[in-house]
>>> print(open('my_file03.txt').read())   # compact mmCIF, C-alpha atoms
# COMPACT_ATOMS: atom_id res chain seq x y z
CA MET A 1 3.78 6.83 -6.69
CA SER A 2 6.17 4.57 -8.55
CA PHE A 3 7.46 1.72 -6.38
CA PHE A 4 10.71 -0.23 -6.81
CA SER A 5 12.40 -3.19 -5.12
CA ASP A 6 15.14 -4.39 -7.47
CA GLY A 7 18.06 -3.31 -5.29
CA ALA A 8 16.76 -0.63 -2.95
CA THR A 9 13.13 -0.83 -1.87
CA GLY A 10 11.08 2.34 -1.91
CA GLY A 11 8.71 4.61 -3.75
CA VAL A 12 8.76 8.08 -5.29
CA GLY A 13 6.04 10.47 -6.37
CA GLN A 14 5.91 13.93 -7.91
CA ASP A 15 7.34 15.70 -4.89
CA HIS A 16 8.45 13.15 -2.31
CA GLY A 17 9.78 9.64 -1.84
CA TRP A 18 11.21 7.10 0.59
CA VAL A 19 13.71 4.26 0.72
CA LEU A 20 13.79 1.43 3.26
CA LEU A 21 17.09 0.80 5.03
CA PRO A 22 18.41 -2.79 5.27
CA GLU A 23 16.61 -5.23 7.55
CA ALA A 24 19.58 -5.18 9.95
CA CYS A 25 18.68 -1.55 10.73
CA ILE A 26 15.35 -2.55 12.31
CA ASP A 27 15.25 -1.86 16.05
CA ASP A 28 12.67 -1.60 18.82
CA ASN A 29 11.18 1.43 17.07
CA GLY A 30 10.49 -0.57 13.94
CA PRO A 31 11.84 -0.20 10.40
CA ALA A 32 14.20 2.59 9.39
CA ILE A 33 13.48 4.65 6.29
CA VAL A 34 14.87 7.72 4.57
CA GLU A 35 12.20 10.11 3.38
CA GLY A 36 12.72 13.22 1.30
CA TYR A 37 10.81 15.96 -0.47
CA ALA A 38 11.53 17.75 -3.72
CA PRO A 39 9.95 20.60 -5.70
CA GLN A 40 6.75 19.65 -7.51
CA GLY A 41 7.60 18.15 -10.88
CA ALA A 42 11.15 17.10 -9.93
CA ASP A 43 12.67 14.11 -11.72
CA PRO A 44 11.45 11.08 -9.70
CA LEU A 45 14.33 8.87 -10.86
CA ALA A 46 16.89 11.42 -9.68
CA LEU A 47 15.06 11.60 -6.34
CA ALA A 48 15.11 7.79 -6.04
CA ARG A 49 18.84 7.74 -6.68
CA LEU A 50 19.49 10.51 -4.16
CA LEU A 51 17.42 8.81 -1.46
CA THR A 52 19.16 5.49 -2.10
CA GLU A 53 22.54 7.16 -1.65
CA VAL A 54 21.37 8.79 1.59
CA ALA A 55 19.96 5.45 2.82
CA ASN A 56 23.27 3.69 2.12
CA ASN A 57 25.17 6.38 4.01
CA ALA A 58 22.74 6.19 6.94
CA ALA A 59 23.10 2.40 7.11
CA GLN A 60 26.89 2.72 7.09
CA ARG A 61 26.83 5.23 9.93
CA GLY A 62 24.40 3.07 11.88
CA GLY A 63 26.53 -0.05 11.48
CA CYS A 64 23.72 -1.98 9.81
CA ALA A 65 24.69 -1.84 6.15
CA SER A 66 24.58 -4.91 3.94
CA ASP A 67 27.74 -6.37 2.46
CA GLU A 68 26.95 -4.59 -0.79
CA PRO A 69 25.33 -1.14 -0.94
CA MET A 70 21.76 -0.97 -2.14
CA SER A 71 21.48 -0.09 -5.81
CA ALA A 72 19.17 2.63 -7.05
CA PRO A 73 16.62 1.77 -9.76
CA GLU A 74 17.80 2.20 -13.33
CA ALA A 75 14.30 3.11 -14.45
CA LEU A 76 10.86 3.61 -12.93
CA ALA A 77 7.47 2.47 -14.06
CA PRO A 78 5.42 5.52 -15.01
CA ALA A 79 3.07 6.78 -12.32
CA PRO A 80 -0.48 5.70 -13.19
CA ALA A 81 -3.02 8.16 -14.53
CA ALA A 82 -6.46 8.68 -13.02
CA ARG A 83 -9.44 7.13 -14.79
CA PRO A 84 -13.20 7.08 -14.18
CA VAL A 85 -14.54 4.44 -11.81
CA ARG A 86 -16.45 1.86 -13.83
CA ASP A 87 -19.91 0.67 -12.82
CA ASP A 88 -18.99 -3.04 -12.95
CA THR A 89 -15.58 -2.91 -11.23
CA VAL A 90 -13.75 -0.77 -8.69
CA CYS A 91 -9.96 -0.58 -9.02
CA GLY A 92 -10.20 -3.15 -11.81
CA ILE A 93 -11.30 -5.86 -9.35
CA ALA A 94 -14.67 -7.50 -9.92
CA GLY A 95 -16.68 -7.64 -6.72
CA LEU A 96 -14.81 -4.86 -4.89
CA THR A 97 -17.36 -2.72 -3.06
CA PHE A 98 -17.50 0.96 -3.96
CA PRO A 99 -16.55 2.96 -0.82
CA GLY A 100 -19.65 5.12 -0.92
CA PRO A 101 -23.43 4.91 -0.47
CA ALA A 102 -24.81 4.38 -3.97
CA THR A 103 -24.02 4.11 -7.68
CA ARG A 104 -24.89 7.76 -8.19
CA GLU A 105 -21.81 8.63 -6.12
CA ARG A 106 -19.61 7.13 -8.83
CA ALA A 107 -20.43 9.80 -11.38
CA GLY A 108 -17.31 11.90 -11.80
CA THR A 109 -15.30 9.81 -9.31
CA THR A 110 -11.86 8.76 -10.50
CA GLU A 111 -9.47 6.01 -9.42
CA THR A 112 -5.71 5.66 -9.78
CA VAL A 113 -4.44 2.08 -9.95
CA GLN A 114 -0.83 1.00 -9.53
CA ARG A 115 -0.90 -2.01 -11.79
CA ASP A 116 0.42 -5.51 -11.14
CA GLY A 117 4.10 -6.24 -11.73
CA GLY A 118 5.68 -3.97 -9.11
CA PRO A 119 6.27 -4.66 -5.42
CA VAL A 120 3.04 -2.88 -4.43
CA TRP A 121 -0.45 -3.01 -5.91
CA SER A 122 -2.44 0.06 -4.90
CA CYS A 123 -5.58 1.93 -5.82
CA GLU A 124 -6.87 5.31 -4.72
CA VAL A 125 -10.54 6.02 -5.24
CA ASP A 126 -10.45 9.80 -5.24
CA ASN A 127 -11.61 11.29 -1.92
CA HIS A 128 -13.07 7.95 -0.82
CA ALA A 129 -10.46 5.27 0.00
CA THR A 130 -6.94 4.05 -0.70
CA TYR A 131 -6.11 0.33 -0.92
CA ALA A 132 -2.70 -1.37 -1.03
CA VAL A 133 -1.38 -4.93 -1.15
CA THR A 134 2.21 -6.18 -1.10
CA GLN A 135 4.08 -9.46 -0.74
CA GLU A 136 7.53 -7.84 -0.98
CA ALA A 137 9.61 -9.58 1.71
CA ARG A 138 11.55 -6.51 2.86
CA LEU A 139 8.41 -4.43 3.21
CA ILE A 140 6.69 -7.25 5.13
CA ALA A 141 9.67 -7.53 7.50
CA GLY A 142 9.49 -3.81 8.20
CA ILE A 143 5.73 -3.92 8.76
CA ARG A 144 6.00 -6.86 11.13
CA SER A 145 8.67 -5.09 13.17
CA SER A 146 6.53 -2.00 13.74
CA PRO A 147 5.50 -1.32 17.34
CA GLY A 148 1.96 -2.44 18.02
CA HIS A 149 1.99 -5.23 15.42
CA THR A 150 -0.23 -7.74 17.20
CA GLU A 151 -3.00 -10.24 16.55
CA GLN A 152 -6.14 -8.64 15.12
CA ARG A 153 -9.67 -9.92 14.56
CA ARG A 154 -10.12 -12.39 11.71
CA VAL A 155 -10.55 -10.72 8.33
CA ALA A 156 -12.48 -12.46 5.56
CA GLY A 157 -11.87 -15.76 7.35
CA HIS A 158 -8.11 -15.23 7.75
CA GLU A 159 -6.10 -15.14 10.97
CA VAL A 160 -4.09 -11.91 10.77
CA MET A 161 -1.55 -9.75 12.57
CA GLY A 162 -1.32 -6.00 12.21
CA ALA A 163 -1.04 -2.53 13.69
CA ASP A 164 -4.83 -2.03 13.56
CA PRO A 165 -7.89 -3.72 12.05
CA THR A 166 -7.38 -2.26 8.54
CA HIS A 167 -3.59 -2.72 8.21
CA VAL A 168 -2.85 -6.43 8.55
CA VAL A 169 -0.64 -9.26 7.33
CA ALA A 170 -2.34 -12.50 6.29
CA ASP A 171 -0.94 -15.83 5.10
CA CYS A 172 -1.77 -16.31 1.43
CA GLY A 173 -0.71 -19.76 0.27
CA GLY A 174 2.30 -19.63 2.59
CA VAL A 175 3.26 -16.09 1.52
CA PRO A 176 2.84 -13.25 4.05
CA THR A 177 0.66 -10.61 2.39
CA TYR A 178 -0.05 -7.11 3.65
CA PHE A 179 -3.46 -5.51 3.10
CA ALA A 180 -3.95 -1.83 3.92
CA MET A 181 -7.00 0.39 3.59
CA GLU A 182 -7.46 4.02 4.53
CA VAL A 183 -10.71 5.91 4.09
CA HIS A 184 -11.10 9.58 3.20
CA GLU A 185 -13.63 12.35 3.59
CA GLY A 186 -15.89 11.21 0.77
CA TYR A 187 -16.43 7.88 2.52
CA THR A 188 -16.81 9.20 6.08
CA ALA A 189 -19.33 11.82 4.91
CA ALA A 190 -21.29 9.08 3.14
CA LEU A 191 -21.73 7.20 6.43
CA GLU A 192 -24.42 9.74 7.30
CA GLU A 193 -26.50 8.42 4.40
CA SER A 194 -28.20 5.06 4.03
CA GLY A 195 -26.56 2.42 1.90
CA ALA A 196 -22.92 3.17 2.73
CA PRO A 197 -20.96 0.02 3.64
CA GLY A 198 -19.59 -0.11 7.16
CA LEU A 199 -15.83 0.04 7.66
CA ARG A 200 -15.53 -3.58 8.73
CA SER A 201 -17.57 -4.97 5.85
CA LEU A 202 -15.72 -2.70 3.39
CA TYR A 203 -12.33 -3.99 4.55
CA ASP A 204 -13.43 -7.64 4.70
CA ASN A 205 -14.69 -7.33 1.12
CA PHE A 206 -11.37 -5.81 0.02
CA VAL A 207 -9.27 -8.60 1.57
CA ASP A 208 -11.66 -11.24 0.21
CA VAL A 209 -11.79 -10.17 -3.45
CA ALA A 210 -8.33 -8.59 -3.79
CA GLY A 211 -6.81 -11.51 -1.92
CA GLU A 212 -7.86 -13.90 -4.69
CA ARG A 213 -5.18 -12.30 -6.87
CA PHE A 214 -2.54 -13.14 -4.29
CA GLY A 215 -3.38 -16.75 -3.48
CA CYS A 216 -5.52 -16.03 -0.43
CA THR A 217 -8.03 -18.77 0.24
CA THR A 218 -9.80 -19.96 3.37
CA SER A 219 -10.53 -23.53 4.34
>>> encode(input="my_file03.txt", output="structure tokens")
Amino acid sequence: MSFFSDGATGGVGQDHGWVLLPEACIDDNGPAIVEGYAPQGADPLALARLLTEVANNAAQRGGCASDEPMSAPEALAPAPAARPVRDDTVCGIAGLTFPGPATRERAGTTETVQRDGGPVWSCEVDNHATYAVTQEARLIAGIRSSPGHTEQRRVAGHEVMGADPTHVVADCGGVPTYFAMEVHEGYTAALEESGAPGLRSLYDNFVDVAGERFGCTTS
């Protein structure tokens, strides 16, 4: 996906997208978003503009619109292309554990990295795991308002809050930072073999090494 936050906050891919409504639209059910789908290969910028217009109209009807309507992005960063997973780094982060049992699993495995500079850093290791990090204030506010957002076990030495043990918000140098990890079939199947990292150690490693990029340190 291509993410944006200059004006409206959201993301669009090849056939779907979403836009977050203003913070005033948050209620007991959590954040409000507009989500839409389009034919495969549709213009993502046109979809972002359409969803922003729908989100503005929804906020107006709900009585929670900002003083000024949210502006759609004028341009989008290109969606990242898949690349082979390197032996020395995963997702371009030195020290990030490969979400599989052994180096041999890396042969033919690709990763897609949403590079730094946008509101969300993300990486999908094909059929194994998806990682995401954001410090975007509007996204953090929505995440914190979600039902079930409570204190979780410490992660990589950090006190955290979240919806579950692998979707948490930590304090990184005074900046709330969201770390999310979801695992896929390639990882869960590998758990039957020796050498596959456990879910907890995999997530702790992710928060530890990826967090260094976002000012996360422990005393």
>>> closest_residue(input="my_file03.txt", among="A:Gly211, A:Gly118, A:Pro78, A:Gly13", to="Ala156 of chain A", atoms="all atoms listed in the file")
A:Gly211
>>> closest_atom_pairs(input="my_file03.txt", of="segment 73-170 of chain A", to="segment 31-44 of chain A", cutoff="10 Å", atoms="only C-alpha atoms", output="JSON lines")
{"residue": "A:Ala75", "atom": "CA", "partner": "A:Pro44", "partner_atom": "CA", "distance": 9.7}
{"residue": "A:Leu76", "atom": "CA", "partner": "A:Pro44", "partner_atom": "CA", "distance": 8.2}
{"residue": "A:Pro78", "atom": "CA", "partner": "A:Pro44", "partner_atom": "CA", "distance": 9.8}
{"residue": "A:Ala79", "atom": "CA", "partner": "A:Pro44", "partner_atom": "CA", "distance": 9.8}
{"residue": "A:Arg138", "atom": "CA", "partner": "A:Pro31", "partner_atom": "CA", "distance": 9.8}
{"residue": "A:Leu139", "atom": "CA", "partner": "A:Pro31", "partner_atom": "CA", "distance": 9.0}
{"residue": "A:Ala141", "atom": "CA", "partner": "A:Pro31", "partner_atom": "CA", "distance": 8.2}
{"residue": "A:Gly142", "atom": "CA", "partner": "A:Pro31", "partner_atom": "CA", "distance": 4.8}
{"residue": "A:Ile143", "atom": "CA", "partner": "A:Pro31", "partner_atom": "CA", "distance": 7.3}
{"residue": "A:Arg144", "atom": "CA", "partner": "A:Pro31", "partner_atom": "CA", "distance": 8.9}
{"residue": "A:Ser145", "atom": "CA", "partner": "A:Pro31", "partner_atom": "CA", "distance": 6.5}
{"residue": "A:Ser146", "atom": "CA", "partner": "A:Pro31", "partner_atom": "CA", "distance": 6.5}
{"residue": "A:Pro147", "atom": "CA", "partner": "A:Pro31", "partner_atom": "CA", "distance": 9.5}
>>> residues_around(input="my_file03.txt", residues="Pro119 of chain A", least_positions_apart="6", cutoff="12 Å", atoms="all atoms listed in the file", output="list in words")
Met1, Ser2, Phe3, Phe4, Ser5, Asp6, Gly7, Ala8, Thr9, Gly10, Gly11, Ala77, Ala132, Val133, Thr134, Gln135, Glu136, Ala137, Arg138, Leu139, Ile140, Thr177 and Tyr178 of chain A
>>> residues_around(input="my_file03.txt", residues="Glu53 of chain A", least_positions_apart="5", cutoff="12 Å", atoms="all atoms listed in the file", output="ChimeraX atom specification")
/A:7-8,18-21,34-36,46-48,58-60,69-73
>>> residues_around(input="my_file03.txt", residues="segment 184-198 of chain A", least_positions_apart="4", cutoff="12 Å", atoms="only C-alpha atoms", output="VMD selection string")
chain A and resid 96 to 106 109 124 to 131 202 to 206
>>> atom_distance(input="my_file03.txt", atom1="atom CA of Ala180 of chain A", atom2="atom CA of Asn56 of chain A")
27.8 Å
>>> atom_distance(input="my_file03.txt", atom1="atom CA of Ala210 of chain A", atom2="atom CA of Ile93 of chain A")
6.9 Å
>>> atom_distance(input="my_file03.txt", atom1="atom CA of Glu23 of chain A", atom2="atom CA of Pro176 of chain A")
16.3 Å
>>> closest_residue(input="my_file03.txt", among="A:Gly173, A:Gly162, A:Gly95, A:Gly63", to="His149 of chain A", atoms="all atoms listed in the file")
A:Gly162
>>> residues_around(input="my_file03.txt", residues="Thr112 of chain A", least_positions_apart="2", cutoff="9 Å", atoms="all atoms listed in the file", output="list in words")
Pro80, Ala81, Ala82, Arg83, Pro84, Cys91, Thr110, Gln114, Ser122, Cys123, Glu124, Val125 and Asp126 of chain A
>>> decode(input="my_file03.txt", residues="segment 140-151 of chain A", atoms="all heavy atoms", output="mmCIF file, in the first residue's frame")
data_model
loop_
_atom_site.group_PDB
_atom_site.id
_atom_site.type_symbol
_atom_site.label_atom_id
_atom_site.label_comp_id
_atom_site.auth_asym_id
_atom_site.auth_seq_id
_atom_site.Cartn_x
_atom_site.Cartn_y
_atom_site.Cartn_z
ATOM 1 N N ILE A 140 -2.175 6.788 15.990
ATOM 2 C CA ILE A 140 -1.993 6.356 17.375
ATOM 3 C C ILE A 140 -3.257 6.636 18.187
ATOM 4 O O ILE A 140 -3.699 5.802 18.991
ATOM 5 C CB ILE A 140 -0.782 7.056 18.013
ATOM 6 C CG1 ILE A 140 0.521 6.649 17.299
ATOM 7 C CG2 ILE A 140 -0.707 6.747 19.499
ATOM 8 C CD1 ILE A 140 0.926 5.218 17.477
ATOM 9 N N ALA A 141 -3.869 7.807 17.976
ATOM 10 C CA ALA A 141 -5.096 8.137 18.711
ATOM 11 C C ALA A 141 -6.195 7.135 18.400
ATOM 12 O O ALA A 141 -6.932 6.700 19.291
ATOM 13 C CB ALA A 141 -5.543 9.558 18.364
ATOM 14 N N GLY A 142 -6.317 6.750 17.137
ATOM 15 C CA GLY A 142 -7.323 5.764 16.757
ATOM 16 C C GLY A 142 -7.042 4.404 17.373
ATOM 17 O O GLY A 142 -7.952 3.737 17.865
ATOM 18 N N ILE A 143 -5.772 4.004 17.362
ATOM 19 C CA ILE A 143 -5.391 2.704 17.931
ATOM 20 C C ILE A 143 -5.680 2.675 19.425
ATOM 21 O O ILE A 143 -6.238 1.712 19.955
ATOM 22 C CB ILE A 143 -3.903 2.435 17.649
ATOM 23 C CG1 ILE A 143 -3.682 2.177 16.153
ATOM 24 C CG2 ILE A 143 -3.388 1.259 18.473
ATOM 25 C CD1 ILE A 143 -2.245 2.288 15.704
ATOM 26 N N ARG A 144 -5.333 3.752 20.115
ATOM 27 C CA ARG A 144 -5.541 3.797 21.560
ATOM 28 C C ARG A 144 -7.023 3.806 21.940
ATOM 29 O O ARG A 144 -7.378 3.409 23.049
ATOM 30 C CB ARG A 144 -4.855 5.034 22.141
ATOM 31 C CG ARG A 144 -3.340 4.889 22.269
ATOM 32 C CD ARG A 144 -2.704 6.168 22.751
ATOM 33 N NE ARG A 144 -1.404 5.927 23.373
ATOM 34 C CZ ARG A 144 -0.580 6.889 23.767
ATOM 35 N NH1 ARG A 144 -0.914 8.163 23.593
ATOM 36 N NH2 ARG A 144 0.566 6.590 24.338
ATOM 37 N N SER A 145 -7.869 4.265 21.036
ATOM 38 C CA SER A 145 -9.301 4.326 21.336
ATOM 39 C C SER A 145 -10.013 3.008 21.048
ATOM 40 O O SER A 145 -11.200 2.874 21.372
ATOM 41 C CB SER A 145 -9.954 5.440 20.503
ATOM 42 O OG SER A 145 -10.020 5.069 19.127
ATOM 43 N N SER A 146 -9.318 2.062 20.459
ATOM 44 C CA SER A 146 -9.961 0.802 20.079
ATOM 45 C C SER A 146 -10.376 0.010 21.311
ATOM 46 O O SER A 146 -9.647 -0.025 22.315
ATOM 47 C CB SER A 146 -9.013 -0.047 19.225
ATOM 48 O OG SER A 146 -8.659 0.633 18.041
ATOM 49 N N PRO A 147 -11.544 -0.631 21.274
ATOM 50 C CA PRO A 147 -11.962 -1.467 22.403
ATOM 51 C C PRO A 147 -10.923 -2.556 22.680
ATOM 52 O O PRO A 147 -10.342 -3.129 21.765
ATOM 53 C CB PRO A 147 -13.278 -2.081 21.910
ATOM 54 C CG PRO A 147 -13.780 -1.132 20.865
ATOM 55 C CD PRO A 147 -12.552 -0.587 20.198
ATOM 56 N N GLY A 148 -10.677 -2.801 23.945
ATOM 57 C CA GLY A 148 -9.722 -3.841 24.307
ATOM 58 C C GLY A 148 -8.292 -3.368 24.387
ATOM 59 O O GLY A 148 -7.383 -4.176 24.624
ATOM 60 N N HIS A 149 -8.062 -2.061 24.204
ATOM 61 C CA HIS A 149 -6.697 -1.527 24.303
ATOM 62 C C HIS A 149 -6.338 -1.417 25.781
ATOM 63 O O HIS A 149 -6.790 -0.511 26.484
ATOM 64 C CB HIS A 149 -6.623 -0.169 23.613
ATOM 65 C CG HIS A 149 -5.231 0.408 23.544
ATOM 66 N ND1 HIS A 149 -4.335 0.075 22.550
ATOM 67 C CD2 HIS A 149 -4.582 1.281 24.348
ATOM 68 C CE1 HIS A 149 -3.205 0.724 22.741
ATOM 69 N NE2 HIS A 149 -3.329 1.464 23.834
ATOM 70 N N THR A 150 -5.551 -2.363 26.264
ATOM 71 C CA THR A 150 -5.227 -2.440 27.678
ATOM 72 C C THR A 150 -3.740 -2.735 27.858
ATOM 73 O O THR A 150 -3.014 -2.972 26.895
ATOM 74 C CB THR A 150 -6.043 -3.555 28.379
ATOM 75 O OG1 THR A 150 -5.766 -4.813 27.717
ATOM 76 C CG2 THR A 150 -7.539 -3.275 28.293
ATOM 77 N N GLU A 151 -3.314 -2.756 29.099
ATOM 78 C CA GLU A 151 -1.919 -3.063 29.400
ATOM 79 C C GLU A 151 -1.598 -4.489 28.981
ATOM 80 O O GLU A 151 -2.364 -5.415 29.229
ATOM 81 C CB GLU A 151 -1.647 -2.888 30.889
ATOM 82 C CG GLU A 151 -0.186 -3.094 31.270
ATOM 83 C CD GLU A 151 0.079 -2.819 32.738
ATOM 84 O OE1 GLU A 151 -0.878 -2.437 33.445
ATOM 85 O OE2 GLU A 151 1.236 -3.007 33.176
#
